2 protein chains.
Amino acid sequence: MLQFNMSEFMERMSQTKKSMYEKGIDVLLITDPANMNYLSGYDGWSFYVDQMLVVIADENQPIWIGRKMDAKAAQLTTWLYQENIIPYPEDHVQSNQKHPMDFVAKILTQIGQSNRRIGTEMSSYYFSALAYEKLRVNLPNAIFSDASLLVNYVRIIKSDQEIDYMKKAAKIAELGMDMAVSSIQEGVRECDVAANIYHSLISGTTEYGGDYPSIVPLLPAGENTSTPHLTWTDRKYTNNELVIIELAGCHKRYHSPMSRTVSLGKPTEEATEAASVLVEGINSVIEFVRPGVTCEEVEKVWNDIISKYGIVKESRIGYSIGMSYPPDWGERTLSIRKGDLTILQPNMTFHLMPALWFDNYGIEISESIRVTGNGCEALADYKRELIIKDQLHIAL
Amino acid sequence: MLQFNMSEFMERMSQTKKSMYEKGIDVLLITDPANMNYLSGYDGWSFYVDQMLVVIADENQPIWIGRKMDAKAAQLTTWLYQENIIPYPEDHVQSNQKHPMDFVAKILTQIGQSNRRIGTEMSSYYFSALAYEKLRVNLPNAIFSDASLLVNYVRIIKSDQEIDYMKKAAKIAELGMDMAVSSIQEGVRECDVAANIYHSLISGTTEYGGDYPSIVPLLPAGENTSTPHLTWTDRKYTNNELVIIELAGCHKRYHSPMSRTVSLGKPTEEATEAASVLVEGINSVIEFVRPGVTCEEVEKVWNDIISKYGIVKESRIGYSIGMSYPPDWGERTLSIRKGDLTILQPNMTFHLMPALWFDNYGIEISESIRVTGNGCEALADYKRELIIKDQLHIAL
C-alpha cells in the first residue's frame, strides 16, 4: 500500500535527520499525522488517540508507537519492520489512570533514549499539553526542545510524485466546483449542495478516487459570506445572494484547494467591483511569482493592487499546502504575508487565497499554485471570475 | 441561529460554574470546540487556529477570543454580547513571532484575571503544548490546574432537545447505512461507495439536513477489516470478502454512530459465528442496561457472553457520545470497560461498539444507545445481523 518509492522515503528520512542534526536533536517525536505519513506511510483515522513516530538520529528506521488496535494498520500501510511497530495496551485509551505517554517514556527508557535531546512538536494538534507534561515527568533526564514544523519544512518542496498527486487532486477540485456551481440555485437546500459536492470530491474521476479533504466544503451564503468558516445548514438559497464555495480535491492525502463565489441573480455593483479587484490581484500575483522572490514580495504585489482601490486586508493571502489531515489543509510553513521572508523555489506549492470580507458580504476566488522553474502555474483550470447565475439572464 | 433555548444555555453555564467551584477554578479556558459550542452556541470550522471561550466564575457571560476573521461567525452563532467577542489580530495566525496565547494572556491581565486559579483543558486537541507554555510564561501569578473534561462531564446527561437532535442523527445514520449496503458490490470502487454514503449523510432527510460527522465513514474491506481505522481507497470490491461500515449521522453537531458488516458472497463459517456471538452480546447488553448500573457491570455482561465462546477482547465496548467536532465523535467521559465505575442515568448516551477483530478479518455491529427511565433504547432501527449480499442467493 506504499504510495511512494522506498528511495523517496529514504530521502525524506535523510533530510529529516539532517535537520535534526542542525537543531541538536537526537530523538524526534512526531505526532502530526501528515508528518507520520510522510516519513513512514502510516495512514489511518487513528489520530484522535495518542500515537507517534520516533525518529532516532542513529537508527535507520523510525518506530511507530500507537494504540494496539491500530498496530495492524501500521503493518499494512508503512514500510517499517514488524519489530518497529510497538502497540500500547487498550486500557491507556482516553483513561484518567494510564496515559499513553507513560508507555512511550517507558519504551524510550528501555531502548536507551531517555537521557538524550528530544524534540517534540509543541504546536501539533495531536500532541496535547497533558501528553507533554507526562513525558517531562517520566523523562527527567532528557533535554526537550520544540521541533514543531521540522518535518513540515522538509516537506516544503514537493517531489514530482507529490506534484502528480496534487494535480490529480486539482482535477477532483474542478469536478467538485462544477458540481457546486450547477447545484446552487434558488430553493435548493445548502445541505443538498454540500452532499453533491462531497459526492464529487470522494468519487473522484473514473481513473482515480478522491480522499477525504482535511476541511469540509465551506459554503457560506448571504450575510454569512462576510466570515469564512461557517458550514452549511438546511436553509434554502434565495435569489439575489452570494454563495462562497471553498473546497479541496484530495488524492492520497494531497490537497488542491480552490474557492469561487456564485451570485444568484444579478450581483450588486460593489460585489462586482470587489470580484474584479480580486481577479486583478490574483492575476498580478500569478504573473509575478517565480523562484527567488520572497513571500513578502508576493504579498506586496497584491497589496499594491488593492491599495489602488482603497481596500485594506489584514490577513495573509496564501499558505503552503500538500499532504494533510484534519483539521487543516495548510502545511503551516510559508505564509504569503508581510514579514515572511521565505524565498520561493521550484515545486513549492501554496494556496493563493486573497479573499475579501466586508461587513455584510465577502468574495473568495482562490487557486492552488505550484512554483515552476521560471514562474508558476495554477494546478486547476477553472474560470477565474465571479460566477453569475441569473435566471432571468438564462431565460433570455 | 441558536439551536437551544436561552434557558438551556443558562443551565449549562450554571452547571459548569458549579463544577468550577467544586474544583477550585475561578477562570476556565475552554478550547474543545464542542464545549465552546455547548456553552455559547459557537459553531464554525475555525478550530484549526487557537481560539477559546473564557468562563469566569463571577461573570454572567463567557468571553470568546479568536481570530479576527472569525469574530463575525461568533457574532452570528452565539448569544454573547458584542463586547464579549474579542478578536486577535491576523498576524498571530500560525506565526513563529506572535502567539495567540500572548494576546489571551494580555486580555486576562487587563480584565484582572491574571492572578486567579485558571483551569485549562490539558488534553484538548485544540490546546497545544506550546499554547500552554505561552500562557504559563505570560501569567506567572496564575495558579493553573487541569480542567480537562470538566464541561464534558456536564454534557454527560442529555436534555430532551439534545436527544431529539440525536434521534434525527440516528435517522440519517439509517439512510447512510441503507446506501452503503445497497452500494457495496463486486466491481464497485470503495471510493464510490464512500461518496454515496457521504451524500446520504449530508443531505439528510427531506425534513432536516445532515451535518458533517466528526469521523469520516470507515470502510475497511477484506484483510483490512482486521483493524478499525483504515479509510477507503479506489480499489474495487471482490466477491467473497467482508466489508465493515462504521458511520455516524450528524445533526446540529450531534452524532448517532452505527456499524454493520456486509459479506459479499457467502461468509466463512467463522465470520458467521463471530457475528452471531456479537449479536448475542449486544442484545444481552441492551437487555441489561438501565439507570443505576455501572459501566463496568455492563462490560461484564458482554464479557461473560464472549468468554463462553473462548473469545477475549481487550478494548472497551462503548463510549459516551453527543455533540462533537473532528477528529472524534466520542465525548471522552464514560467508557464501557472494566474499571469504569460511572453509574448510568437516564439520558446518558453511548456508542455500544463491541467489535471483534481477529488476525485476518473483523466484524463490527454497533448501536447508539440512550439510557431511558427504566432501561435503554437503540436510537436507530436497523437490522442487527451480518448482512449477506450473495449474488447467487439473490438470483435464486
# chains A, B, ... in the order shown; residues from 1 in each chain; ligands from 1
call {"tool": "residues_around", "arguments": {"residues": "Ala73 of chain B", "least_positions_apart": "4", "cutoff": "9 Å", "atoms": "only C-alpha atoms", "output": "JSON, numbers by chain"}}
result
{"A": [224, 226, 227, 228, 229, 230], "B": [42, 43, 44, 69, 77, 78]}
call {"tool": "residues_around", "arguments": {"residues": "Trp45 of chain B", "least_positions_apart": "3", "cutoff": "9 Å", "atoms": "only C-alpha atoms", "output": "list in words"}}
result
Ile215, Val216, Leu218, Pro228, His229, Leu230, Thr231 and Pro327 of chain A; Tyr48 and Tyr325 of chain B
call {"tool": "select_by_dssp", "arguments": {"residues": "segment 128-177 of chain B", "states": "helix (DSSP H, G or I)", "output": "ChimeraX atom specification"}}
result
/B:129-138,150-154,160-177
call {"tool": "residues_around", "arguments": {"residues": "Pro33 of chain A", "least_positions_apart": "5", "cutoff": "12 Å", "atoms": "only C-alpha atoms", "output": "ChimeraX atom specification"}}
result
/A:38-53,64,66,121,124-127,151-152,214,253,323-329,331 /B:327
call {"tool": "select_by_dssp", "arguments": {"residues": "segment 84-332 of chain A", "states": "strand (DSSP E or B)", "output": "ChimeraX atom specification"}}
result
/A:85-88,117-120,128,143-146,157,189,218,221,236,241-251,254-264,294,318-321,323,330-332
call {"tool": "residues_around", "arguments": {"residues": "Ile118 of chain A", "least_positions_apart": "6", "cutoff": "6 Å", "atoms": "only C-alpha atoms", "output": "list of chain:residue names"}}
result
A:Ile25, A:Val27, A:Leu28, A:Ile143, A:Phe144
call {"tool": "closest_residue", "arguments": {"among": "A:Pro267, A:Gly176, A:Pro257, A:Pro140", "to": "Gly222 of chain A", "atoms": "only C-alpha atoms"}}
result
A:Pro267
call {"tool": "atom_distance", "arguments": {"atom1": "atom CA of Ser320 of chain A", "atom2": "atom CA of Arg332 of chain A"}}
result
6.4 Å
call {"tool": "residues_around", "arguments": {"residues": "segment 303-311 of chain A", "least_positions_apart": "4", "cutoff": "10 Å", "atoms": "only C-alpha atoms", "output": "compact mmCIF listing (two decimals) with all heavy atoms, in the first residue's frame"}}
result
# COMPACT_ATOMS: atom_id res chain seq x y z
N GLU A 273 -17.48 44.85 -8.36
CA GLU A 273 -16.19 45.56 -8.30
C GLU A 273 -15.18 44.82 -7.43
O GLU A 273 -14.01 44.71 -7.78
CB GLU A 273 -16.40 46.98 -7.76
CG GLU A 273 -16.82 47.94 -8.86
CD GLU A 273 -17.28 49.28 -8.30
OE1 GLU A 273 -16.83 49.67 -7.19
OE2 GLU A 273 -18.10 49.94 -8.96
N ALA A 274 -15.65 44.30 -6.29
CA ALA A 274 -14.73 43.57 -5.41
C ALA A 274 -14.16 42.35 -6.13
O ALA A 274 -12.96 42.06 -6.05
CB ALA A 274 -15.46 43.15 -4.13
N VAL A 277 -11.49 43.43 -8.57
CA VAL A 277 -10.21 43.73 -7.90
C VAL A 277 -9.50 42.43 -7.54
O VAL A 277 -8.29 42.27 -7.73
CB VAL A 277 -10.46 44.56 -6.61
CG1 VAL A 277 -9.16 44.71 -5.81
CG2 VAL A 277 -11.06 45.91 -6.95
N LEU A 278 -10.28 41.49 -7.03
CA LEU A 278 -9.72 40.20 -6.61
C LEU A 278 -9.05 39.50 -7.78
O LEU A 278 -7.91 39.01 -7.68
CB LEU A 278 -10.90 39.36 -6.08
CG LEU A 278 -10.64 38.23 -5.09
CD1 LEU A 278 -9.74 38.67 -3.96
CD2 LEU A 278 -11.97 37.74 -4.53
N GLU A 280 -7.99 40.83 -10.59
CA GLU A 280 -6.80 41.59 -11.00
C GLU A 280 -5.63 41.27 -10.06
O GLU A 280 -4.49 41.04 -10.50
CB GLU A 280 -7.10 43.09 -10.97
CG GLU A 280 -5.93 43.95 -11.46
CD GLU A 280 -6.22 45.47 -11.38
OE1 GLU A 280 -7.41 45.86 -11.27
OE2 GLU A 280 -5.24 46.25 -11.40
N GLY A 281 -5.92 41.21 -8.77
CA GLY A 281 -4.88 40.91 -7.79
C GLY A 281 -4.30 39.52 -7.98
O GLY A 281 -3.07 39.33 -8.01
N ILE A 282 -5.16 38.54 -8.13
CA ILE A 282 -4.67 37.16 -8.32
C ILE A 282 -3.83 37.04 -9.58
O ILE A 282 -2.75 36.46 -9.59
CB ILE A 282 -5.86 36.17 -8.41
CG1 ILE A 282 -6.61 36.13 -7.09
CG2 ILE A 282 -5.37 34.77 -8.76
CD1 ILE A 282 -7.88 35.30 -7.16
N SER A 284 -2.19 39.31 -11.14
CA SER A 284 -0.90 40.01 -10.98
C SER A 284 0.06 39.18 -10.15
O SER A 284 1.26 39.11 -10.44
CB SER A 284 -1.11 41.37 -10.31
OG SER A 284 -2.01 42.14 -11.06
N VAL A 285 -0.46 38.54 -9.11
CA VAL A 285 0.40 37.70 -8.27
C VAL A 285 0.93 36.52 -9.09
O VAL A 285 2.12 36.21 -9.06
CB VAL A 285 -0.37 37.21 -7.03
CG1 VAL A 285 0.37 36.07 -6.34
CG2 VAL A 285 -0.59 38.36 -6.05
N GLU A 297 7.43 39.74 -0.81
CA GLU A 297 7.35 40.46 -2.09
C GLU A 297 6.08 40.11 -2.87
O GLU A 297 5.48 40.95 -3.53
CB GLU A 297 8.59 40.15 -2.95
CG GLU A 297 9.86 40.83 -2.43
CD GLU A 297 11.13 40.31 -3.12
OE1 GLU A 297 11.21 39.11 -3.44
OE2 GLU A 297 12.05 41.14 -3.32
N VAL A 298 5.68 38.83 -2.75
CA VAL A 298 4.45 38.41 -3.42
C VAL A 298 3.25 39.16 -2.83
O VAL A 298 2.39 39.67 -3.55
CB VAL A 298 4.25 36.88 -3.30
CG1 VAL A 298 2.89 36.46 -3.87
CG2 VAL A 298 5.39 36.12 -3.99
N GLU A 299 3.25 39.25 -1.51
CA GLU A 299 2.12 39.93 -0.86
C GLU A 299 2.07 41.39 -1.28
O GLU A 299 1.00 41.97 -1.44
CB GLU A 299 2.26 39.81 0.66
CG GLU A 299 0.97 40.08 1.43
CD GLU A 299 0.70 41.55 1.73
OE1 GLU A 299 1.63 42.38 1.65
OE2 GLU A 299 -0.47 41.88 2.03
N ILE A 317 -2.48 36.19 2.42
CA ILE A 317 -3.19 35.83 1.18
C ILE A 317 -2.76 34.46 0.66
O ILE A 317 -3.07 34.13 -0.49
CB ILE A 317 -3.02 36.91 0.09
CG1 ILE A 317 -1.54 37.05 -0.32
CG2 ILE A 317 -3.59 38.24 0.54
CD1 ILE A 317 -1.37 37.64 -1.72
N ARG A 337 2.58 36.76 3.31
CA ARG A 337 2.24 37.95 4.10
C ARG A 337 3.50 38.75 4.40
O ARG A 337 4.61 38.24 4.26
CB ARG A 337 1.53 37.56 5.40
CG ARG A 337 2.37 36.78 6.38
CD ARG A 337 1.57 36.49 7.67
NE ARG A 337 2.11 35.33 8.37
CZ ARG A 337 1.46 34.68 9.33
NH1 ARG A 337 0.27 35.08 9.71
NH2 ARG A 337 2.00 33.64 9.92
N LYS A 338 3.27 39.96 4.82
CA LYS A 338 4.36 40.85 5.22
C LYS A 338 5.18 40.19 6.32
O LYS A 338 4.61 39.62 7.26
CB LYS A 338 3.76 42.16 5.73
CG LYS A 338 4.64 43.35 5.46
CD LYS A 338 3.99 44.66 5.84
CE LYS A 338 5.11 45.68 6.07
NZ LYS A 338 4.63 46.94 6.60
N PRO A 354 -6.59 35.11 -1.65
CA PRO A 354 -6.73 36.53 -1.30
C PRO A 354 -8.19 36.96 -1.24
O PRO A 354 -8.63 37.80 -2.01
CB PRO A 354 -6.00 37.22 -2.44
CG PRO A 354 -6.24 36.33 -3.62
CD PRO A 354 -6.45 34.93 -3.09
N LEU A 356 -11.72 38.68 0.02
CA LEU A 356 -12.10 39.98 0.59
C LEU A 356 -13.38 39.81 1.39
O LEU A 356 -14.40 39.35 0.85
CB LEU A 356 -12.30 41.01 -0.52
CG LEU A 356 -11.04 41.41 -1.31
CD1 LEU A 356 -11.40 42.33 -2.47
CD2 LEU A 356 -10.01 42.08 -0.39
call {"tool": "residues_around", "arguments": {"residues": "Val154 of chain B", "least_positions_apart": "3", "cutoff": "8 Å", "atoms": "only C-alpha atoms", "output": "PyMOL selection string"}}
result
chain B and resi 12+15-16+150-151+157
call {"tool": "write_last_selection", "arguments": {"atoms": "all heavy atoms", "output": "CSV table (one decimal), in the first residue's frame"}}
result
chain,number,residue,atom,x,y,z
B,12,ARG,N,-26.6,25.2,31.4
B,12,ARG,CA,-25.3,24.7,31.2
B,12,ARG,C,-24.2,25.5,31.9
B,12,ARG,O,-23.3,25.0,32.4
B,12,ARG,CB,-25.0,24.7,29.6
B,12,ARG,CG,-26.0,23.7,28.9
B,12,ARG,CD,-25.9,23.9,27.4
B,12,ARG,NE,-26.7,23.0,26.7
B,12,ARG,CZ,-26.7,22.8,25.4
B,12,ARG,NH1,-25.9,23.6,24.6
B,12,ARG,NH2,-27.5,21.9,24.8
B,15,GLN,N,-24.3,24.8,35.6
B,15,GLN,CA,-23.7,23.5,35.9
B,15,GLN,C,-22.2,23.6,35.8
B,15,GLN,O,-21.4,23.0,36.6
B,15,GLN,CB,-24.2,22.4,35.0
B,15,GLN,CG,-25.7,22.1,35.2
B,15,GLN,CD,-25.9,21.5,36.6
B,15,GLN,OE1,-25.1,20.7,37.1
B,15,GLN,NE2,-27.1,21.8,37.1
B,16,THR,N,-21.7,24.3,34.8
B,16,THR,CA,-20.3,24.5,34.6
B,16,THR,C,-19.6,25.3,35.8
B,16,THR,O,-18.6,24.9,36.3
B,16,THR,CB,-20.0,25.2,33.3
B,16,THR,OG1,-20.5,24.4,32.2
B,16,THR,CG2,-18.5,25.4,33.0
B,150,LEU,N,-14.0,18.8,32.3
B,150,LEU,CA,-15.0,19.4,33.2
B,150,LEU,C,-16.3,19.7,32.5
B,150,LEU,O,-17.4,19.2,33.0
B,150,LEU,CB,-14.4,20.7,33.7
B,150,LEU,CG,-15.2,21.5,34.8
B,150,LEU,CD1,-14.3,22.3,35.7
B,150,LEU,CD2,-16.3,22.3,34.3
B,151,VAL,N,-16.3,20.3,31.3
B,151,VAL,CA,-17.5,20.6,30.6
B,151,VAL,C,-18.1,19.3,30.0
B,151,VAL,O,-19.3,19.1,30.0
B,151,VAL,CB,-17.3,21.7,29.6
B,151,VAL,CG1,-18.7,22.0,28.8
B,151,VAL,CG2,-16.8,23.0,30.2
B,157,ILE,N,-25.3,14.0,30.7
B,157,ILE,CA,-26.7,13.7,30.6
B,157,ILE,C,-27.3,14.7,29.6
B,157,ILE,O,-27.2,15.9,29.8
B,157,ILE,CB,-27.3,13.8,32.0
B,157,ILE,CG1,-26.7,12.7,32.9
B,157,ILE,CG2,-28.9,13.7,32.0
B,157,ILE,CD1,-27.2,12.8,34.3
call {"tool": "closest_atom_pairs", "arguments": {"of": "segment 253-317 of chain A", "to": "segment 379-390 of chain A", "cutoff": "8 Å", "atoms": "only C-alpha atoms", "output": "CSV"}}
result
residue,atom,partner,partner_atom,distance
A:Ser256,CA,A:Leu379,CA,7.4
A:Arg260,CA,A:Leu386,CA,7.1
A:Thr261,CA,A:Leu386,CA,5.6
A:Val262,CA,A:Ile387,CA,4.7
A:Ser263,CA,A:Ile388,CA,4.8
A:Leu264,CA,A:Lys389,CA,5.0
A:Gly265,CA,A:Asp390,CA,4.1
A:Lys266,CA,A:Asp390,CA,5.9
A:Pro267,CA,A:Ile388,CA,7.3
A:Thr272,CA,A:Leu386,CA,7.3
A:Ala275,CA,A:Leu386,CA,6.0
A:Ser276,CA,A:Glu385,CA,7.6
A:Val279,CA,A:Glu385,CA,6.6
call {"tool": "write_last_selection", "arguments": {"atoms": "C-alpha atoms", "output": "mmCIF file, in the first residue's frame"}}
result
data_model
loop_
_atom_site.group_PDB
_atom_site.id
_atom_site.type_symbol
_atom_site.label_atom_id
_atom_site.label_comp_id
_atom_site.auth_asym_id
_atom_site.auth_seq_id
_atom_site.Cartn_x
_atom_site.Cartn_y
_atom_site.Cartn_z
ATOM 1 C CA SER A 256 -5.534 21.188 -4.016
ATOM 2 C CA ARG A 260 -15.128 30.568 -6.145
ATOM 3 C CA THR A 261 -18.115 32.796 -5.484
ATOM 4 C CA VAL A 262 -21.501 32.387 -7.102
ATOM 5 C CA SER A 263 -24.032 35.200 -7.391
ATOM 6 C CA LEU A 264 -27.630 34.044 -7.527
ATOM 7 C CA GLY A 265 -29.241 36.773 -9.559
ATOM 8 C CA LYS A 266 -27.535 39.951 -10.685
ATOM 9 C CA PRO A 267 -24.716 40.832 -8.264
ATOM 10 C CA THR A 272 -18.909 43.007 -8.996
ATOM 11 C CA ALA A 275 -14.563 40.468 -7.595
ATOM 12 C CA SER A 276 -12.867 42.440 -10.312
ATOM 13 C CA VAL A 279 -9.177 38.779 -10.082
#
call {"tool": "residues_around", "arguments": {"residues": "segment 192-204 of chain B", "least_positions_apart": "6", "cutoff": "9 Å", "atoms": "only C-alpha atoms", "output": "tab-separated table (two decimals) with N, CA, C and O atoms, in the first residue's frame"}}
result
chain	number	residue	atom	x	y	z
A	189	ARG	N	-31.61	23.40	-0.92
A	189	ARG	CA	-31.04	23.49	0.43
A	189	ARG	C	-29.51	23.45	0.38
A	189	ARG	O	-28.91	22.73	-0.42
A	190	GLU	N	-28.90	24.20	1.28
A	190	GLU	CA	-27.44	24.20	1.36
A	190	GLU	C	-26.91	22.79	1.55
A	190	GLU	O	-25.90	22.39	0.95
A	191	CYS	N	-27.57	21.98	2.39
A	191	CYS	CA	-27.06	20.64	2.68
A	191	CYS	C	-27.09	19.74	1.45
A	191	CYS	O	-26.24	18.86	1.31
A	192	ASP	N	-28.03	19.99	0.54
A	192	ASP	CA	-28.07	19.16	-0.66
A	192	ASP	C	-26.93	19.53	-1.62
A	192	ASP	O	-26.40	18.66	-2.32
A	193	VAL	N	-26.57	20.80	-1.63
A	193	VAL	CA	-25.40	21.20	-2.42
A	193	VAL	C	-24.14	20.60	-1.80
A	193	VAL	O	-23.29	20.03	-2.51
A	194	ALA	N	-24.03	20.69	-0.49
A	194	ALA	CA	-22.86	20.11	0.18
A	194	ALA	C	-22.77	18.61	-0.09
A	194	ALA	O	-21.68	18.07	-0.33
A	195	ALA	N	-23.92	17.93	-0.09
A	195	ALA	CA	-23.94	16.48	-0.36
A	195	ALA	C	-23.43	16.19	-1.77
A	195	ALA	O	-22.63	15.28	-1.99
A	196	ASN	N	-23.88	17.01	-2.73
A	196	ASN	CA	-23.42	16.80	-4.11
A	196	ASN	C	-21.92	17.05	-4.25
A	196	ASN	O	-21.22	16.33	-4.95
A	197	ILE	N	-21.45	18.12	-3.58
A	197	ILE	CA	-20.01	18.42	-3.65
A	197	ILE	C	-19.22	17.24	-3.07
A	197	ILE	O	-18.24	16.77	-3.67
A	198	TYR	N	-19.65	16.78	-1.90
A	198	TYR	CA	-18.95	15.65	-1.28
A	198	TYR	C	-18.90	14.45	-2.21
A	198	TYR	O	-17.88	13.78	-2.35
A	199	HIS	N	-20.03	14.18	-2.85
A	199	HIS	CA	-20.06	13.02	-3.75
A	199	HIS	C	-18.98	13.15	-4.82
A	199	HIS	O	-18.23	12.21	-5.09
A	200	SER	N	-18.88	14.33	-5.42
A	200	SER	CA	-17.86	14.54	-6.45
A	200	SER	C	-16.45	14.39	-5.91
A	200	SER	O	-15.59	13.77	-6.54
A	201	LEU	N	-16.21	14.99	-4.75
A	201	LEU	CA	-14.86	15.02	-4.20
A	201	LEU	C	-14.38	13.62	-3.80
A	201	LEU	O	-13.20	13.31	-3.91
A	202	ILE	N	-15.30	12.79	-3.32
A	202	ILE	CA	-14.90	11.47	-2.82
A	202	ILE	C	-14.86	10.46	-3.96
A	202	ILE	O	-13.97	9.60	-4.02
A	203	SER	N	-15.79	10.57	-4.88
A	203	SER	CA	-15.82	9.63	-6.00
A	203	SER	C	-14.62	9.87	-6.92
A	203	SER	O	-14.02	8.93	-7.43
A	204	GLY	N	-14.27	11.13	-7.10
A	204	GLY	CA	-13.10	11.45	-7.93
A	204	GLY	C	-13.39	11.26	-9.41
A	204	GLY	O	-14.50	11.50	-9.87
A	209	GLY	N	-9.68	7.68	-7.46
A	209	GLY	CA	-10.68	8.13	-6.50
A	209	GLY	C	-10.24	9.34	-5.70
A	209	GLY	O	-9.07	9.75	-5.73
A	210	GLY	N	-11.17	9.92	-4.97
A	210	GLY	CA	-10.88	11.05	-4.10
A	210	GLY	C	-10.75	10.58	-2.67
A	210	GLY	O	-11.31	9.56	-2.28
A	234	ASP	N	-29.51	23.68	6.64
A	234	ASP	CA	-30.52	23.14	5.70
A	234	ASP	C	-31.49	24.22	5.21
A	234	ASP	O	-32.56	23.91	4.72
B	168	LYS	N	-32.68	12.47	15.37
B	168	LYS	CA	-32.63	12.88	13.96
B	168	LYS	C	-31.33	12.38	13.32
B	168	LYS	O	-31.33	11.92	12.17
B	169	ALA	N	-30.26	12.47	14.06
B	169	ALA	CA	-28.98	11.96	13.55
B	169	ALA	C	-29.06	10.46	13.30
B	169	ALA	O	-28.49	9.94	12.33
B	171	LYS	N	-31.70	8.74	12.45
B	171	LYS	CA	-32.46	8.53	11.21
B	171	LYS	C	-31.53	8.72	10.00
B	171	LYS	O	-31.56	7.94	9.04
B	172	ILE	N	-30.68	9.73	10.09
B	172	ILE	CA	-29.72	9.97	9.00
B	172	ILE	C	-28.73	8.80	8.90
B	172	ILE	O	-28.37	8.37	7.80
B	173	ALA	N	-28.32	8.26	10.04
B	173	ALA	CA	-27.40	7.11	10.03
B	173	ALA	C	-28.05	5.92	9.33
B	173	ALA	O	-27.39	5.20	8.56
B	175	LEU	N	-30.22	6.04	6.93
B	175	LEU	CA	-30.18	6.31	5.48
B	175	LEU	C	-28.78	6.05	4.92
B	175	LEU	O	-28.63	5.48	3.84
B	176	GLY	N	-27.77	6.48	5.67
B	176	GLY	CA	-26.39	6.27	5.23
B	176	GLY	C	-26.07	4.78	5.15
B	176	GLY	O	-25.41	4.31	4.21
B	177	MET	N	-26.57	4.03	6.13
B	177	MET	CA	-26.28	2.59	6.14
B	177	MET	C	-27.02	1.89	5.00
B	177	MET	O	-26.46	1.02	4.32
B	178	ASP	N	-28.26	2.29	4.78
B	178	ASP	CA	-29.00	1.74	3.64
B	178	ASP	C	-28.22	1.95	2.34
B	178	ASP	O	-28.10	1.05	1.52
B	179	MET	N	-27.73	3.16	2.18
B	179	MET	CA	-26.99	3.49	0.96
B	179	MET	C	-25.73	2.64	0.86
B	179	MET	O	-25.38	2.14	-0.21
B	180	ALA	N	-25.04	2.47	1.99
B	180	ALA	CA	-23.82	1.66	1.99
B	180	ALA	C	-24.14	0.23	1.57
B	180	ALA	O	-23.49	-0.34	0.67
B	183	SER	N	-24.98	-0.07	-2.04
B	183	SER	CA	-23.91	0.28	-2.99
B	183	SER	C	-22.77	-0.73	-3.04
B	183	SER	O	-22.10	-0.86	-4.07
B	184	ILE	N	-22.53	-1.39	-1.93
B	184	ILE	CA	-21.35	-2.28	-1.88
B	184	ILE	C	-21.62	-3.52	-2.72
B	184	ILE	O	-22.53	-4.28	-2.42
B	210	GLY	N	-28.32	16.99	7.06
B	210	GLY	CA	-27.24	16.36	7.83
B	210	GLY	C	-26.08	17.31	7.97
B	210	GLY	O	-25.87	18.20	7.14
B	211	ASP	N	-25.32	17.12	9.03
B	211	ASP	CA	-24.12	17.90	9.29
B	211	ASP	C	-22.92	16.96	9.06
B	211	ASP	O	-23.10	15.75	8.92
B	212	TYR	N	-21.69	17.54	9.00
B	212	TYR	CA	-20.53	16.66	8.76
B	212	TYR	C	-20.24	15.84	10.01
B	212	TYR	O	-20.16	16.38	11.10
B	213	PRO	N	-20.09	14.53	9.86
B	213	PRO	CA	-19.71	13.73	11.03
B	213	PRO	C	-18.25	13.99	11.41
B	213	PRO	O	-17.43	14.35	10.57
B	216	VAL	N	-14.79	10.40	9.39
B	216	VAL	CA	-15.27	10.02	8.06
B	216	VAL	C	-15.87	8.61	8.13
B	216	VAL	O	-15.55	7.84	9.04
B	217	PRO	N	-16.71	8.24	7.15
B	217	PRO	CA	-17.17	6.86	7.11
B	217	PRO	C	-15.97	5.92	6.99
B	217	PRO	O	-15.12	6.12	6.13
B	218	LEU	N	-15.91	4.94	7.87
B	218	LEU	CA	-14.79	4.00	7.83
B	218	LEU	C	-15.27	2.74	7.12
B	218	LEU	O	-16.33	2.21	7.43
B	219	LEU	N	-14.49	2.31	6.15
B	219	LEU	CA	-14.95	1.28	5.22
B	219	LEU	C	-13.92	0.19	4.94
B	219	LEU	O	-13.68	-0.14	3.78
B	232	TRP	N	-11.21	4.52	2.99
B	232	TRP	CA	-11.41	3.89	1.68
B	232	TRP	C	-10.25	4.15	0.74
B	232	TRP	O	-9.46	5.09	0.91
B	234	ASP	N	-9.39	3.44	-3.84
B	234	ASP	CA	-10.18	3.31	-5.07
B	234	ASP	C	-10.11	1.91	-5.67
B	234	ASP	O	-10.42	1.71	-6.84
B	247	LEU	N	-20.18	4.43	10.52
B	247	LEU	CA	-20.54	5.79	10.13
B	247	LEU	C	-21.34	6.43	11.25
B	247	LEU	O	-21.74	5.76	12.20
B	248	ALA	N	-21.58	7.72	11.12
B	248	ALA	CA	-22.50	8.39	12.05
B	248	ALA	C	-23.36	9.35	11.28
B	248	ALA	O	-22.88	10.05	10.38
B	249	GLY	N	-24.65	9.38	11.61
B	249	GLY	CA	-25.46	10.51	11.20
B	249	GLY	C	-25.14	11.66	12.13
B	249	GLY	O	-24.77	11.45	13.30
B	250	CYS	N	-25.24	12.88	11.61
B	250	CYS	CA	-24.93	14.04	12.44
B	250	CYS	C	-25.96	15.12	12.13
B	250	CYS	O	-26.29	15.38	10.98
B	251	HIS	N	-26.49	15.71	13.19
B	251	HIS	CA	-27.46	16.80	13.02
B	251	HIS	C	-27.16	17.85	14.07
B	251	HIS	O	-27.12	17.55	15.26
